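Visitor: One structure follows; several queries about it will come next.
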Amino acid sequence: DIAWYIGESNTLPDKTSVNYGAPGRVVGPCNDAAIEEGNCLAVLFQTVREAVVIPVAELSRDEPPTTFFDDWKLGDSVFYRGVDQTLDGGTLSYGTQGEVVGPDPKCEKGLAVSFPNLHRPVYCLSAALSKRQPSPR
């Protein structure tokens with residue numbers, strides 16, 4: 001069976017990654033150690049060498065949308081225009097360029113955005129993003 005990944009973009013220990021919208025082939029149930037984590041499946045994605053244990057809640061039987069609130073699209077280049085923030089792993093500053101990597105699963109008007117100086121995607125409201133470099137403050 002084919003399943004699409006709808007979780008947060010994730011870099012694995014071997015530096016490969018599984019990103020929102022990636023199709024994968026379900027290759028079986030979780031191994032015994034992973035079963036303790038809850039309902040999950042082993043999925044093989046084209047971007048990884050071995051099957052990855054994925055919670056069922058982060059998989060979809062249907063291809064997920066790639067256009068989000070305010071017509072933002074997966075892969076769009078964005079500029080952050082919110083207040084500067086210190087986050088785990090770095091600082092997100094006004095004017096920083098990033099890339100849309102998925103929707104915010106908890107906020108209809110939000111997007112998951114990857115910024116080059118941060119280790120994980122950041123959830124931003126659409127109103128805090130711009131398609132053009134914002135003017136200096």
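Note on naming: chains are A, B, ... as they come in the structure tokens, residues start from 1 per chain, ligands start from 1 in the order shown.
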Give me, as a tab-separated table, the closest atom pair and its distance (Å, one decimal) for every residue of segment 36-63 of chain A within a cut-off of 9 Å of segment 5-16 of chain A, counting only C-alpha atoms, rows sorted by chain and rising number.
Guide:
```
residue	atom	partner	partner_atom	distance
A:Thr47	CA	A:Thr16	CA	6.5
A:Val48	CA	A:Thr16	CA	5.9
A:Arg49	CA	A:Thr16	CA	8.5
A:Ile54	CA	A:Tyr5	CA	8.4
A:Ala57	CA	A:Gly7	CA	8.1
A:Glu58	CA	A:Gly7	CA	4.8
A:Leu59	CA	A:Tyr5	CA	4.8
A:Ser60	CA	A:Tyr5	CA	6.5
A:Glu63	CA	A:Tyr5	CA	8.7
```
Visitor: For the selection you just gave me, I'd like the residues written to a file as a CSV table (one decimal), in the first residue's frame, keeping C-alpha atoms.
Guide:
```
chain,number,residue,atom,x,y,z
A,47,THR,CA,14.6,9.4,0.2
A,48,VAL,CA,15.7,6.8,2.8
A,49,ARG,CA,17.6,3.5,2.7
A,54,ILE,CA,5.8,6.3,11.4
A,57,ALA,CA,-1.6,9.8,12.6
A,58,GLU,CA,1.3,11.1,10.4
A,59,LEU,CA,0.2,9.0,7.3
A,60,SER,CA,-2.6,9.5,4.8
A,63,GLU,CA,-2.1,12.5,-1.5
```
Visitor: Write out as a ChimeraX atom specification the residues lying within 7 Å of segment 73-89 of chain A, counting only C-alpha atoms and excluding same-chain residues fewer than 2 positions away.
Guide: /A:66-68,71,91-102,118-119,128-134
Visitor: Take the residues that were just selected and, keeping C-alpha atoms, output them as a JSON list (two decimals), in the first residue's frame.
Guide:
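Ended up saving to again-v5.json:
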```
[["chain", "number", "residue", "atom", "x", "y", "z"],
["A", 66, "THR", "CA", 0.24, 21.11, -1.48],
["A", 67, "THR", "CA", -1.58, 24.46, -1.51],
["A", 68, "PHE", "CA", -2.39, 25.98, 1.86],
["A", 71, "ASP", "CA", -2.54, 30.26, -1.60],
["A", 91, "THR", "CA", 17.22, 32.97, 16.22],
["A", 92, "LEU", "CA", 14.46, 33.80, 13.75],
["A", 93, "SER", "CA", 14.91, 37.39, 12.64],
["A", 94, "TYR", "CA", 12.80, 39.80, 10.63],
["A", 95, "GLY", "CA", 13.58, 39.41, 6.91],
["A", 96, "THR", "CA", 14.97, 35.85, 7.14],
["A", 97, "GLN", "CA", 14.23, 33.82, 4.01],
["A", 98, "GLY", "CA", 12.76, 30.34, 4.33],
["A", 99, "GLU", "CA", 10.74, 27.71, 2.49],
["A", 100, "VAL", "CA", 7.19, 26.42, 3.01],
["A", 101, "VAL", "CA", 7.50, 22.74, 3.99],
["A", 102, "GLY", "CA", 3.90, 22.01, 4.97],
["A", 118, "LEU", "CA", 17.18, 26.57, 12.44],
["A", 119, "HIS", "CA", 17.19, 22.79, 12.97],
["A", 128, "ALA", "CA", 3.88, 36.88, 9.45],
["A", 129, "LEU", "CA", 5.20, 35.87, 6.02],
["A", 130, "SER", "CA", 5.78, 37.65, 2.75],
["A", 131, "LYS", "CA", 6.61, 36.49, -0.78],
["A", 132, "ARG", "CA", 8.94, 39.49, -1.18],
["A", 133, "GLN", "CA", 11.82, 40.71, 0.95],
["A", 134, "PRO", "CA", 10.21, 43.07, 3.48]]
```
Visitor: Using backbone DSSP assignments, extract all strand (DSSP E or B) residues from chain A; output them as a PyMOL selection string.
Guide: chain A and resi 2-5+10-11+17-18+23-29+40-45+52-55+59-60+67+73+77-80+85-87+90-92+97-103+110-114+122-125+129-130
Visitor: To one decimal place in Å, what is the distance between atom CA of Pro103 of chain A and atom CA of Pro55 of chain A?
Guide: 17.8 Å
Visitor: Show which residues sit within 10 Å of Pro29 of chain A, as a list in words. Count only C-alpha atoms, and ignore same-chain residues fewer than 6 positions away.
Guide: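 Once the nearby chain positions are removed, what remains is Ile35, Asn39, Cys40, Leu41, Ala42, Val43, Val53 and Ile54 of chain A.
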Visitor: Residues of segment 6-130 of chain A in alpha helix (DSSP H) according to DSSP, as an NGL selection string?
Guide: :A and (32-35)
Visitor: Would you work out the distance separating atom CA of Gly28 of chain A from atom CA of Pro64 of chain A, expressed in Å to one decimal?
Guide: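 A separation of 21.7 Å between them.
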Visitor: Can you tell me how far atom CA of Arg25 of chain A sits from atom CA of Arg61 of chain A, in Å to one decimal?
Guide: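 These atoms are spaced 10.8 Å apart.
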Visitor: Return the single residue from A:Gly24, A:Gly110, A:Pro65, A:Pro136 that is closest to Ala51 of chain A, with distances computed using only C-alpha atoms.
Guide: A:Gly24
